[in-house]
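Colleague: My structure is in input_36.txt, and what it holds is compact mmCIF, C-alpha atoms and all ligand atoms:
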# COMPACT_ATOMS: atom_id res chain seq x y z
CA MET U 1 14.91 5.78 10.20
CA ARG U 2 18.06 7.86 10.92
CA GLU U 3 18.60 6.28 14.34
CA LYS U 4 18.78 2.89 12.63
CA LEU U 5 21.80 3.80 10.53
CA THR U 6 24.17 1.39 12.28
CA HIS U 7 21.65 -1.43 12.53
CA LYS U 8 21.93 -4.16 9.94
CA TYR U 9 18.83 -6.25 9.22
CA ASP U 10 19.08 -9.87 8.12
CA LEU U 11 16.47 -9.35 5.43
CA THR U 12 14.77 -6.26 4.07
CA ILE U 13 11.59 -6.70 2.10
CA ILE U 14 10.99 -3.90 -0.39
CA GLY U 15 7.21 -3.66 -0.84
CA GLY U 16 4.51 -4.20 1.79
CA GLY U 17 1.99 -5.86 -0.53
CA PRO U 18 0.47 -9.25 0.29
CA VAL U 19 3.48 -11.19 -0.99
CA GLY U 20 6.03 -9.01 0.83
CA LEU U 21 3.99 -9.32 4.04
CA PHE U 22 3.98 -13.09 3.85
CA ALA U 23 7.74 -13.14 3.20
CA ALA U 24 8.31 -10.89 6.24
CA TYR U 25 6.17 -13.17 8.42
CA PHE U 26 7.84 -16.33 7.18
CA ALA U 27 11.29 -14.85 7.84
CA GLY U 28 10.24 -13.55 11.28
CA MET U 29 8.96 -17.02 12.19
CA ARG U 30 12.50 -18.23 11.51
CA ASN U 31 13.98 -15.64 13.89
CA ALA U 32 15.30 -13.36 11.18
CA ASP U 33 15.63 -9.64 11.90
CA VAL U 34 13.36 -8.21 9.22
CA ALA U 35 12.44 -4.77 7.86
CA ILE U 36 9.69 -3.87 5.41
CA ILE U 37 9.85 -0.72 3.28
CA GLU U 38 6.54 0.49 1.84
CA SER U 39 5.96 3.67 -0.16
CA LEU U 40 2.34 4.10 0.99
CA PRO U 41 1.18 4.95 4.52
CA GLN U 42 -0.63 1.57 4.54
CA LEU U 43 0.23 -2.10 3.95
CA GLY U 44 -1.51 -4.46 1.53
CA GLY U 45 -0.37 -3.39 -1.95
CA GLN U 46 -2.86 -3.77 -4.80
CA VAL U 47 -5.26 -5.75 -2.63
CA ALA U 48 -5.76 -2.94 -0.09
CA ALA U 49 -5.38 -0.05 -2.54
CA LEU U 50 -7.23 -1.25 -5.64
CA PHE U 51 -9.91 -3.77 -4.64
CA PRO U 52 -10.45 -3.74 -0.85
CA GLU U 53 -14.18 -4.53 -1.14
CA LYS U 54 -13.94 -7.37 -3.67
CA MET U 55 -14.14 -11.03 -2.70
CA VAL U 56 -11.06 -13.20 -3.30
CA TYR U 57 -11.81 -16.88 -3.94
CA ASP U 58 -8.50 -18.37 -5.08
CA VAL U 59 -6.29 -18.47 -2.00
CA GLY U 60 -5.68 -22.01 -0.73
CA GLY U 61 -7.68 -22.99 2.33
CA ILE U 62 -9.93 -19.92 2.28
CA ALA U 63 -13.40 -20.45 0.81
CA GLY U 64 -13.78 -16.73 0.05
CA ILE U 65 -12.64 -13.55 1.80
CA LYS U 66 -13.08 -9.83 1.30
CA ALA U 67 -9.76 -8.44 0.04
CA LYS U 68 -9.39 -5.96 2.92
CA ASP U 69 -10.02 -8.76 5.43
CA LEU U 70 -7.32 -10.87 3.80
CA ILE U 71 -4.87 -8.04 4.47
CA LYS U 72 -6.18 -7.70 8.05
CA GLN U 73 -5.44 -11.43 8.50
CA GLN U 74 -1.95 -10.96 7.08
CA GLU U 75 -1.32 -8.02 9.44
CA ALA U 76 -2.47 -10.15 12.38
CA GLN U 77 -0.17 -12.93 11.24
CA LEU U 78 2.71 -10.46 10.87
CA ALA U 79 2.14 -9.19 14.42
CA LEU U 80 3.16 -12.64 15.76
CA PHE U 81 6.79 -11.87 14.80
CA PRO U 82 6.68 -8.12 14.21
CA PRO U 83 9.22 -6.79 11.72
CA LYS U 84 10.35 -3.15 11.64
CA ILE U 85 7.96 -1.45 9.22
CA PHE U 86 8.88 1.76 7.40
CA LEU U 87 5.76 3.26 5.83
CA LYS U 88 5.76 6.30 3.51
CA THR U 89 9.27 5.19 2.56
CA GLU U 90 10.35 4.51 -1.00
CA ALA U 91 13.42 2.41 -1.82
CA GLN U 92 15.61 4.30 -4.29
CA THR U 93 19.07 2.74 -4.75
CA ILE U 94 20.72 -0.52 -3.69
CA GLU U 95 24.51 -0.26 -3.14
CA THR U 96 26.99 -2.74 -1.63
CA ASP U 97 28.73 -1.78 1.61
CA ASP U 98 32.32 -2.55 2.74
CA ASP U 99 31.26 -6.01 4.05
CA GLY U 100 29.62 -6.98 0.76
CA ASP U 101 26.20 -6.43 2.33
CA TYR U 102 23.72 -3.82 1.13
CA VAL U 103 22.73 -0.23 1.80
CA ILE U 104 19.28 0.69 0.55
CA THR U 105 18.83 4.42 0.16
CA THR U 106 15.24 5.47 0.71
CA THR U 107 13.24 8.66 0.80
CA GLN U 108 13.61 8.56 4.62
CA GLY U 109 17.31 7.64 4.96
CA ASP U 110 19.64 4.65 4.53
CA LEU U 111 18.98 1.11 5.65
CA HIS U 112 21.64 -1.61 6.04
CA THR U 113 20.83 -5.22 5.32
CA ARG U 114 22.45 -8.59 4.62
CA GLY U 115 19.85 -9.71 2.13
CA ILE U 116 16.98 -8.18 0.17
CA ILE U 117 13.68 -9.51 -1.10
CA ILE U 118 12.11 -7.31 -3.75
CA ALA U 119 8.30 -7.53 -3.69
CA ILE U 120 7.34 -4.28 -5.38
CA GLY U 121 4.53 -5.69 -7.53
CA THR U 122 3.58 -3.24 -10.26
CA GLY U 123 5.61 -0.46 -8.62
CA ALA U 124 5.49 2.14 -5.89
CA PHE U 125 1.94 3.26 -5.30
CA ALA U 126 1.11 6.91 -4.81
CA PRO U 127 -2.34 8.44 -4.50
CA ARG U 128 -3.64 10.30 -7.56
CA ARG U 129 -3.68 13.90 -6.45
CA LEU U 130 -5.88 16.87 -7.19
CA ALA U 131 -5.01 18.10 -10.67
CA PHE U 132 -4.69 21.81 -9.80
CA ASP U 133 -2.21 23.76 -7.65
CA TYR U 134 -3.21 24.36 -4.06
CA ASP U 135 -1.44 25.50 -0.92
CA PRO U 136 0.51 22.43 0.39
CA ALA U 137 -0.11 23.71 3.93
CA LEU U 138 -3.69 22.46 3.55
CA GLU U 139 -2.33 18.91 3.90
CA THR U 140 -0.06 19.61 6.87
CA ALA U 141 -2.81 21.62 8.58
CA GLY U 142 -5.14 18.60 8.30
CA TYR U 143 -7.71 20.09 5.90
CA LEU U 144 -6.86 17.68 3.07
CA ASP U 145 -6.14 13.93 3.30
CA TYR U 146 -5.40 11.35 0.63
CA PHE U 147 -5.71 8.49 3.17
CA VAL U 148 -8.03 7.81 6.05
CA GLN U 149 -5.92 6.52 8.90
CA ASP U 150 -8.05 7.16 11.96
CA LEU U 151 -11.82 7.57 11.69
CA GLU U 152 -11.85 9.50 14.98
CA THR U 153 -10.09 12.43 13.31
CA TYR U 154 -13.37 13.08 11.52
CA ARG U 155 -15.71 12.78 14.51
CA ASP U 156 -18.37 15.52 14.53
CA ARG U 157 -16.69 17.23 11.57
CA ASP U 158 -18.15 18.31 8.27
CA VAL U 159 -16.43 16.03 5.73
CA VAL U 160 -16.32 16.09 1.93
CA ILE U 161 -15.05 13.00 0.08
CA ALA U 162 -14.06 13.17 -3.59
CA GLY U 163 -14.08 10.01 -5.74
CA GLY U 164 -16.40 7.45 -7.27
CA GLY U 165 -14.84 4.04 -6.60
CA ASP U 166 -15.31 1.43 -3.88
CA SER U 167 -12.84 3.09 -1.58
CA ALA U 168 -14.53 6.54 -1.67
CA ILE U 169 -17.95 4.95 -1.10
CA ASP U 170 -16.59 2.79 1.69
CA TRP U 171 -15.14 5.79 3.53
CA ALA U 172 -18.35 7.77 3.05
CA LEU U 173 -20.37 4.91 4.58
CA ALA U 174 -17.88 4.39 7.41
CA LEU U 175 -17.85 8.10 8.27
CA ALA U 176 -21.61 8.71 7.99
CA PRO U 177 -22.33 7.66 11.61
CA ILE U 178 -19.21 9.40 12.96
CA ALA U 179 -18.94 12.72 11.13
CA GLN U 180 -21.44 15.54 11.55
CA HIS U 181 -22.14 15.55 7.83
CA VAL U 182 -20.64 13.69 4.84
CA THR U 183 -20.81 14.84 1.21
CA LEU U 184 -19.55 12.64 -1.63
CA VAL U 185 -18.48 14.48 -4.77
CA HIS U 186 -18.00 12.54 -8.04
CA ARG U 187 -17.46 13.71 -11.60
CA ARG U 188 -19.92 11.19 -13.08
CA ASN U 189 -23.53 10.45 -12.25
CA GLN U 190 -22.70 6.74 -11.92
CA PHE U 191 -20.42 5.36 -9.23
CA ARG U 192 -17.85 2.63 -10.05
CA GLY U 193 -18.32 0.81 -6.74
CA LEU U 194 -19.98 -2.54 -6.11
CA GLU U 195 -23.73 -2.44 -6.73
CA SER U 196 -24.46 -3.41 -3.12
CA SER U 197 -22.26 -0.55 -1.81
CA VAL U 198 -23.94 1.96 -4.13
CA THR U 199 -27.36 0.85 -2.85
CA LYS U 200 -26.16 1.30 0.75
CA LEU U 201 -24.87 4.73 -0.19
CA GLU U 202 -28.20 5.78 -1.67
CA GLU U 203 -29.96 4.67 1.52
CA SER U 204 -27.45 6.44 3.79
CA PRO U 205 -27.49 10.06 5.04
CA VAL U 206 -24.48 10.84 2.79
CA GLN U 207 -25.19 13.81 0.53
CA ILE U 208 -24.29 12.98 -3.07
CA LYS U 209 -23.05 15.71 -5.44
CA THR U 210 -22.70 14.60 -9.09
CA PRO U 211 -21.43 15.37 -11.71
CA TYR U 212 -19.00 17.79 -10.08
CA LEU U 213 -15.24 18.26 -10.02
CA ILE U 214 -13.27 20.07 -7.34
CA SER U 215 -11.64 23.01 -9.09
CA GLN U 216 -10.17 25.13 -6.29
CA LEU U 217 -9.46 25.12 -2.57
CA ALA U 218 -9.19 27.98 -0.11
CA THR U 219 -9.75 28.53 3.60
CA ALA U 220 -11.97 30.99 5.43
CA ALA U 221 -12.84 31.19 9.11
CA ASP U 222 -11.06 27.92 9.94
CA GLN U 223 -12.94 26.01 7.26
CA LEU U 224 -12.11 24.72 3.84
CA VAL U 225 -13.88 26.46 0.97
CA ILE U 226 -14.23 23.94 -1.86
CA ASP U 227 -15.06 25.29 -5.28
CA LEU U 228 -17.08 22.75 -7.31
CA LYS U 229 -17.44 22.93 -11.07
CA LYS U 230 -20.39 21.17 -12.65
CA VAL U 231 -18.98 18.91 -15.39
CA LYS U 232 -19.46 20.17 -18.99
CA THR U 233 -20.86 23.51 -17.74
CA ASP U 234 -19.45 26.78 -16.43
CA ASP U 235 -21.51 26.51 -13.26
CA HIS U 236 -19.63 26.76 -9.99
CA GLU U 237 -20.78 26.42 -6.43
CA GLN U 238 -18.99 26.40 -3.11
CA LEU U 239 -19.03 23.91 -0.28
CA ARG U 240 -17.66 24.56 3.18
CA ALA U 241 -16.16 21.71 5.16
CA ASP U 242 -13.76 20.94 7.99
CA LYS U 243 -12.00 18.21 6.03
CA LEU U 244 -11.64 16.94 2.49
CA ILE U 245 -10.64 13.36 1.65
CA VAL U 246 -9.52 12.87 -1.95
CA ASN U 247 -9.86 9.29 -3.15
CA TYR U 248 -8.99 9.30 -6.85
CA GLY U 249 -7.13 5.95 -6.93
CA PHE U 250 -3.44 5.25 -7.29
CA THR U 251 -0.56 5.39 -9.75
CA ALA U 252 2.18 2.73 -9.74
CA ASP U 253 5.78 3.45 -10.74
CA SER U 254 8.39 0.70 -11.12
CA ARG U 255 11.04 2.67 -13.09
CA VAL U 256 13.37 2.54 -10.09
CA LEU U 257 14.00 -1.12 -11.01
CA ARG U 258 16.25 0.01 -13.84
CA GLN U 259 18.71 1.46 -11.30
CA TRP U 260 19.10 -1.69 -9.22
CA GLY U 261 21.50 -3.61 -11.50
CA LEU U 262 19.04 -6.45 -12.01
CA GLU U 263 18.49 -8.54 -15.08
CA LEU U 264 15.08 -7.48 -16.37
CA ALA U 265 12.59 -8.64 -18.98
CA GLY U 266 10.59 -5.50 -19.68
CA MET U 267 9.71 -4.17 -16.23
CA LYS U 268 9.85 -7.62 -14.60
CA VAL U 269 12.80 -9.10 -12.69
CA LYS U 270 14.21 -12.38 -13.97
CA VAL U 271 14.61 -14.97 -11.20
CA ASN U 272 15.69 -18.61 -11.04
CA THR U 273 13.77 -21.40 -9.32
CA GLN U 274 15.09 -20.17 -5.93
CA MET U 275 13.72 -16.67 -6.63
CA ALA U 276 17.32 -15.42 -6.83
CA THR U 277 18.16 -12.47 -9.09
CA ASN U 278 21.53 -11.93 -10.77
CA ARG U 279 22.79 -10.01 -7.67
CA PRO U 280 23.96 -12.08 -4.68
CA ARG U 281 21.47 -12.26 -1.77
CA ILE U 282 18.89 -10.22 -3.66
CA TYR U 283 15.70 -12.16 -4.33
CA ALA U 284 12.44 -11.12 -5.96
CA ILE U 285 8.89 -12.44 -5.57
CA GLY U 286 5.28 -11.66 -6.45
CA ASP U 287 3.98 -9.69 -9.42
CA VAL U 288 7.37 -8.09 -10.11
CA VAL U 289 9.04 -11.34 -11.23
CA THR U 290 9.00 -13.34 -14.40
CA TYR U 291 9.92 -16.95 -15.21
CA PRO U 292 8.37 -19.55 -17.48
CA GLY U 293 4.86 -20.31 -16.25
CA LYS U 294 4.65 -17.34 -13.84
CA LEU U 295 1.11 -16.24 -12.93
CA ASP U 296 0.34 -12.90 -11.25
CA LEU U 297 -1.76 -14.47 -8.52
CA LEU U 298 -1.65 -14.23 -4.74
CA ALA U 299 -1.35 -18.01 -4.37
CA VAL U 300 1.71 -18.04 -6.62
CA GLY U 301 3.34 -15.08 -4.81
CA TYR U 302 2.62 -16.69 -1.43
CA ALA U 303 4.44 -19.82 -2.63
CA GLU U 304 7.44 -17.84 -3.90
CA ALA U 305 7.91 -16.09 -0.53
CA PRO U 306 9.05 -19.15 1.51
CA ILE U 307 11.37 -20.23 -1.30
CA ALA U 308 13.06 -16.81 -1.33
CA VAL U 309 13.23 -16.57 2.49
CA ALA U 310 14.59 -20.11 2.96
CA THR U 311 17.22 -19.60 0.26
CA ALA U 312 18.18 -16.17 1.62
CA LEU U 313 18.55 -17.36 5.23
CA GLN U 314 20.47 -20.46 4.15
CA THR U 315 22.85 -18.23 2.19
CA ILE U 316 23.24 -15.62 4.95
CA TYR U 317 23.51 -18.13 7.82
CA PRO U 318 24.72 -21.40 6.21
CA GLU U 319 25.47 -22.92 9.64
CA LYS U 320 21.82 -22.65 10.78
CA ILE U 321 19.56 -25.55 9.85
CA GLN U 322 16.04 -24.26 9.23
CA PRO U 323 13.10 -26.59 9.89
CA VAL U 324 10.77 -26.81 6.90
CA HIS U 325 7.45 -27.13 8.75
CA SER U 326 5.90 -24.61 11.13
CA THR U 327 4.56 -27.58 13.10
CA SER U 328 8.18 -28.33 14.11
CA LEU U 329 8.91 -24.77 15.22
CA PHE U 330 6.61 -24.42 18.23
CA GLU U 331 5.09 -26.76 20.78
CA HIS U 332 1.59 -25.22 20.69
C1 LIG X 1 -8.57 -5.55 -9.70
C2 LIG X 1 -7.68 -6.69 -9.32
C3 LIG X 1 -8.23 -7.88 -8.89
C4 LIG X 1 -7.41 -8.96 -8.53
N1 LIG X 1 -7.99 -10.12 -8.10
C5 LIG X 1 -7.20 -11.17 -7.72
C6 LIG X 1 -7.78 -12.40 -7.26
O1 LIG X 1 -9.00 -12.55 -7.21
N2 LIG X 1 -6.92 -13.40 -6.91
C7 LIG X 1 -5.55 -13.28 -6.97
O2 LIG X 1 -4.85 -14.22 -6.62
N3 LIG X 1 -4.98 -12.13 -7.41
C8 LIG X 1 -5.77 -11.08 -7.79
N4 LIG X 1 -5.20 -9.93 -8.26
C9 LIG X 1 -3.71 -9.87 -8.35
C10 LIG X 1 -3.08 -9.61 -6.98
O3 LIG X 1 -3.61 -8.43 -6.43
C11 LIG X 1 -1.57 -9.48 -7.14
O4 LIG X 1 -1.08 -10.69 -7.67
C12 LIG X 1 -0.90 -9.20 -5.80
O5 LIG X 1 -1.35 -8.00 -5.24
C13 LIG X 1 0.62 -9.12 -5.97
O6 LIG X 1 1.16 -8.85 -4.72
P1 LIG X 1 2.62 -8.22 -4.56
O7 LIG X 1 2.86 -8.15 -3.08
O8 LIG X 1 3.57 -8.94 -5.44
O9 LIG X 1 2.53 -6.75 -5.20
P2 LIG X 1 1.58 -5.51 -4.88
O10 LIG X 1 0.28 -5.92 -4.38
O11 LIG X 1 1.62 -4.69 -6.13
O12 LIG X 1 2.35 -4.74 -3.71
C14 LIG X 1 3.60 -4.12 -3.95
C15 LIG X 1 3.82 -3.04 -2.90
O13 LIG X 1 5.16 -2.56 -3.05
C16 LIG X 1 5.17 -1.15 -2.85
N5 LIG X 1 6.34 -0.60 -3.56
C17 LIG X 1 6.57 -0.62 -4.88
N6 LIG X 1 7.75 -0.03 -5.17
C18 LIG X 1 8.28 0.35 -3.98
C19 LIG X 1 9.48 1.01 -3.62
N7 LIG X 1 10.40 1.38 -4.54
N8 LIG X 1 9.68 1.28 -2.30
C20 LIG X 1 8.76 0.92 -1.36
N9 LIG X 1 7.61 0.27 -1.66
C21 LIG X 1 7.38 0.00 -2.95
C22 LIG X 1 3.86 -0.69 -3.47
O14 LIG X 1 3.46 0.58 -2.96
C23 LIG X 1 2.91 -1.82 -3.07
O15 LIG X 1 2.26 -1.56 -1.84
C24 LIG X 1 -5.98 -8.84 -8.63
C25 LIG X 1 -5.42 -7.62 -9.04
C26 LIG X 1 -6.24 -6.55 -9.39
C27 LIG X 1 -5.62 -5.26 -9.85
Let's see the structure in the file written out as structure tokens.
Modeller:
Amino acid sequence: MREKLTHKYDLTIIGGGPVGLFAAYFAGMRNADVAIIESLPQLGGQVAALFPEKMVYDVGGIAGIKAKDLIKQQEAQLALFPPKIFLKTEAQTIETDDDGDYVITTTQGDLHTRGIIIAIGTGAFAPRRLAFDYDPALETAGYLDYFVQDLETYRDRDVVIAGGGDSAIDWALALAPIAQHVTLVHRRNQFRGLESSVTKLEESPVQIKTPYLISQLATAADQLVIDLKKVKTDDHEQLRADKLIVNYGFTADSRVLRQWGLELAGMKVKVNTQMATNRPRIYAIGDVVTYPGKLDLLAVGYAEAPIAVATALQTIYPEKIQPVHSTSLFEH
């Protein structure tokens, strides 16, 4: 992000969840220069992180869609007017600059912007990590991942996955035909995933180790040595693998809100009917906002996004008249 220091975006969306993605698309469609800041290495917020395999039935015009496919659709939509996307980047402070615009300090550097839309949902997501100390070089050396970004990285490798939810099962099933061998380690005998996924898992070549916890990591002869402790016993055994994927879910932290000079109700941002906060040209949408009648639903967040974008662009560029309908924007 350092090379962007002098660049000033029209709108910066803080939070790459479903609502932030729709706001970015809607602003891009109106020719705005847009950036998205997202703390995770992936887009999609709660939908992608917490319930990717569940069906969503209450988005207008869609009879039913798997949550992860909804995010794929949003990413495809976003690609029509691609914004600048900063992943693994957490927004920290929001200060005014000499022009009365904003500087957002982030974990990766500063970002300059005329307007801001806050779409941080329940807060910055971070993966739940292994609960014991291990050499951090295991992550940089590629032995230990908290996210699967490219399945090919695991081709013909011996892979251990830790976790018992939909996401861990999903990765185990996706990697079974690619990796040399996949072992799934979970601390309970029952998995929390969808019944249909658990059935697929039981029928797959994935080796299941329950009830075990990972208690230590080391390396030997270019392989990871994973110490497993059988739950409620003192029994230990060791697994060797090329790669370990830890999928223990996510934590969400929204405490940063308290430093942004916004009027809050609890940990929610108060907005008016134009999604405006108490700070000029800072808007908020999605699960992070509160107003009478607010519902934490995708459909509601998707409706708030165009209101915030239209108000923001009208305020930043009052001379530009923005058409209301997408059917008036393009010929085809
Ligand atoms: C189990 C479950 C099932 C659900 N089912 C449905 C359903 O069927 N229908 C429905 O309509 N809704 C459903 N919801 C609710 C829906 O998921 C939320 O309303 C929606 O995700 C809100 O979107 P959002 O973009 O506002 O926030 P989020 O999805 O929370 O996304 C916010 C993003 O902002 C990022 N972020 C936060 N802080 C920072 C920061 N400081 N810097 C950078 N990035 C940051 C986070 O990492 C996150 O990716 C469900 C929710 C859950 C938990």
Colleague: Using all atoms listed in the file for the distances, tell me which of U:Lys270, U:His181, U:Lys84, U:Lys294 is nearest to Gly28 (chain U).
Modeller: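 Among the listed residues, U:Lys84 lies closest to Gly28 (chain U).
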Colleague: Let me see if you get this right: every residue at most 6 Å from ligand LIG 1 (chain X), counting only C-alpha atoms and all ligand atoms, written as a PyMOL selection string.
Modeller: chain U and resi 14-20+37-40+44-47+51+56+58+89-92+119-125+286-287+296-299
Colleague: Between U:Pro205, U:Gly301, U:Pro177, U:Gly100, which residue has the minimum interatomic distance to Ile118 (chain U), considering only C-alpha atoms?
Modeller: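 Among U:Pro205, U:Gly301, U:Pro177, U:Gly100, it is U:Gly301 that comes nearest to Ile118 (chain U).
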Colleague: Could you produce a table of the residues of region 144-170 of chain U lying within 12 Å of region 62-78 of chain U, with the nearest pair of atoms per residue and their separation in Å rounded to one decimal, using all atoms listed in the file, ordered by chain and increasing residue number, as CSV?
Modeller:
residue,atom,partner,partner_atom,distance
U:Asp166,CA,U:Lys68,CA,11.7
U:Ser167,CA,U:Lys68,CA,10.7
U:Asp170,CA,U:Lys68,CA,11.4
Colleague: Skip Asp158 (chain U) itself and residues of its chain fewer than 4 positions away, then list as a list in words all residues within 8 Å of it, counting only C-alpha atoms.
Modeller: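 Here the answer would be Tyr154, Ala179, Gln180, His181, Val182, Ala241, Asp242 and Lys243 of chain U.
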Colleague: So which residues touch Gly165 (chain U) within 12 Å, counting all atoms listed in the file, skipping near sequence neighbours fewer than 4 positions away, as number ranges by chain?
Modeller: U: 49-54, 161, 169-172, 184-188, 190-195, 197-198, 201, 246-250
Colleague: Report as lines of an AutoDock Vina configuration file the centre and the edge lengths, in Å to one decimal, of the axis-aligned box holding every listed atom of region 112-130 of chain U, padded by 6 Å on each side.
Modeller:
center_x = 8.3
center_y = 3.6
center_z = -2.1
size_x = 40.3
size_y = 38.6
size_z = 28.3
Colleague: One number please: CA of Thr315 (chain U) to CA of Val59 (chain U), in Å, one decimal.
Modeller: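 Computed distance, CA of Thr315 (chain U) to CA of Val59 (chain U), equals 29.4 Å.
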Colleague: Residues proximal to (10.1, -21.3, -3.4) were defined as those with any atom within 10 Å of that point in the file's coordinates, counting all atoms listed in the file. Which are they, as a ChimeraX atom specification?
Modeller: /U:272-276,285,300-311
Colleague: Would you pick out the contacts of region 224-233 of chain U at 6 Å or less, using only C-alpha atoms, so that residues sharing its chain but fewer than 3 positions from it are not included, and give the list as a PyMOL selection string?
Modeller: chain U and resi 211-219+236-242
Colleague: Could you tell me how far CA of Thr113 (chain U) lies from CA of Ser326 (chain U), in Å and to one decimal?
Modeller: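 It comes out at 25.2 Å.
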Colleague: To one decimal place, how far is CA of Glu152 (chain U) from CA of Leu175 (chain U) in Å?
Modeller: 9.1 Å
Colleague: For Ile282 (chain U), work out the shell of residues within 6 Å, counting all atoms listed in the file and skipping chain neighbours fewer than 6 positions away, then give it as a compact mmCIF listing (two decimals) with C-alpha atoms, in the coordinates of the input.
Modeller:
# COMPACT_ATOMS: atom_id res chain seq x y z
CA GLY U 115 19.85 -9.71 2.13
CA ILE U 116 16.98 -8.18 0.17
CA ILE U 117 13.68 -9.51 -1.10
Colleague: Please provide as a PyMOL selection string all residues within 8 Å of His112 (chain U), with the sequence filter that same-chain residues fewer than 3 positions apart are discarded (counting only C-alpha atoms).
Modeller: chain U and resi 5-9+101-104
Colleague: Nearest to Asn189 (chain U): which of U:Arg157, U:Arg30, U:Lys209, U:Arg258 is it, counting only C-alpha atoms?
Modeller: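 For Asn189 (chain U), the nearest of the candidates is U:Lys209.
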Colleague: For Tyr25 (chain U), which residue out of U:Phe81, U:Tyr283, U:Phe330, U:Phe86 is the nearest one, using all atoms listed in the file?
Modeller: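 Closest to Tyr25 (chain U), using all atoms listed in the file: U:Phe81.
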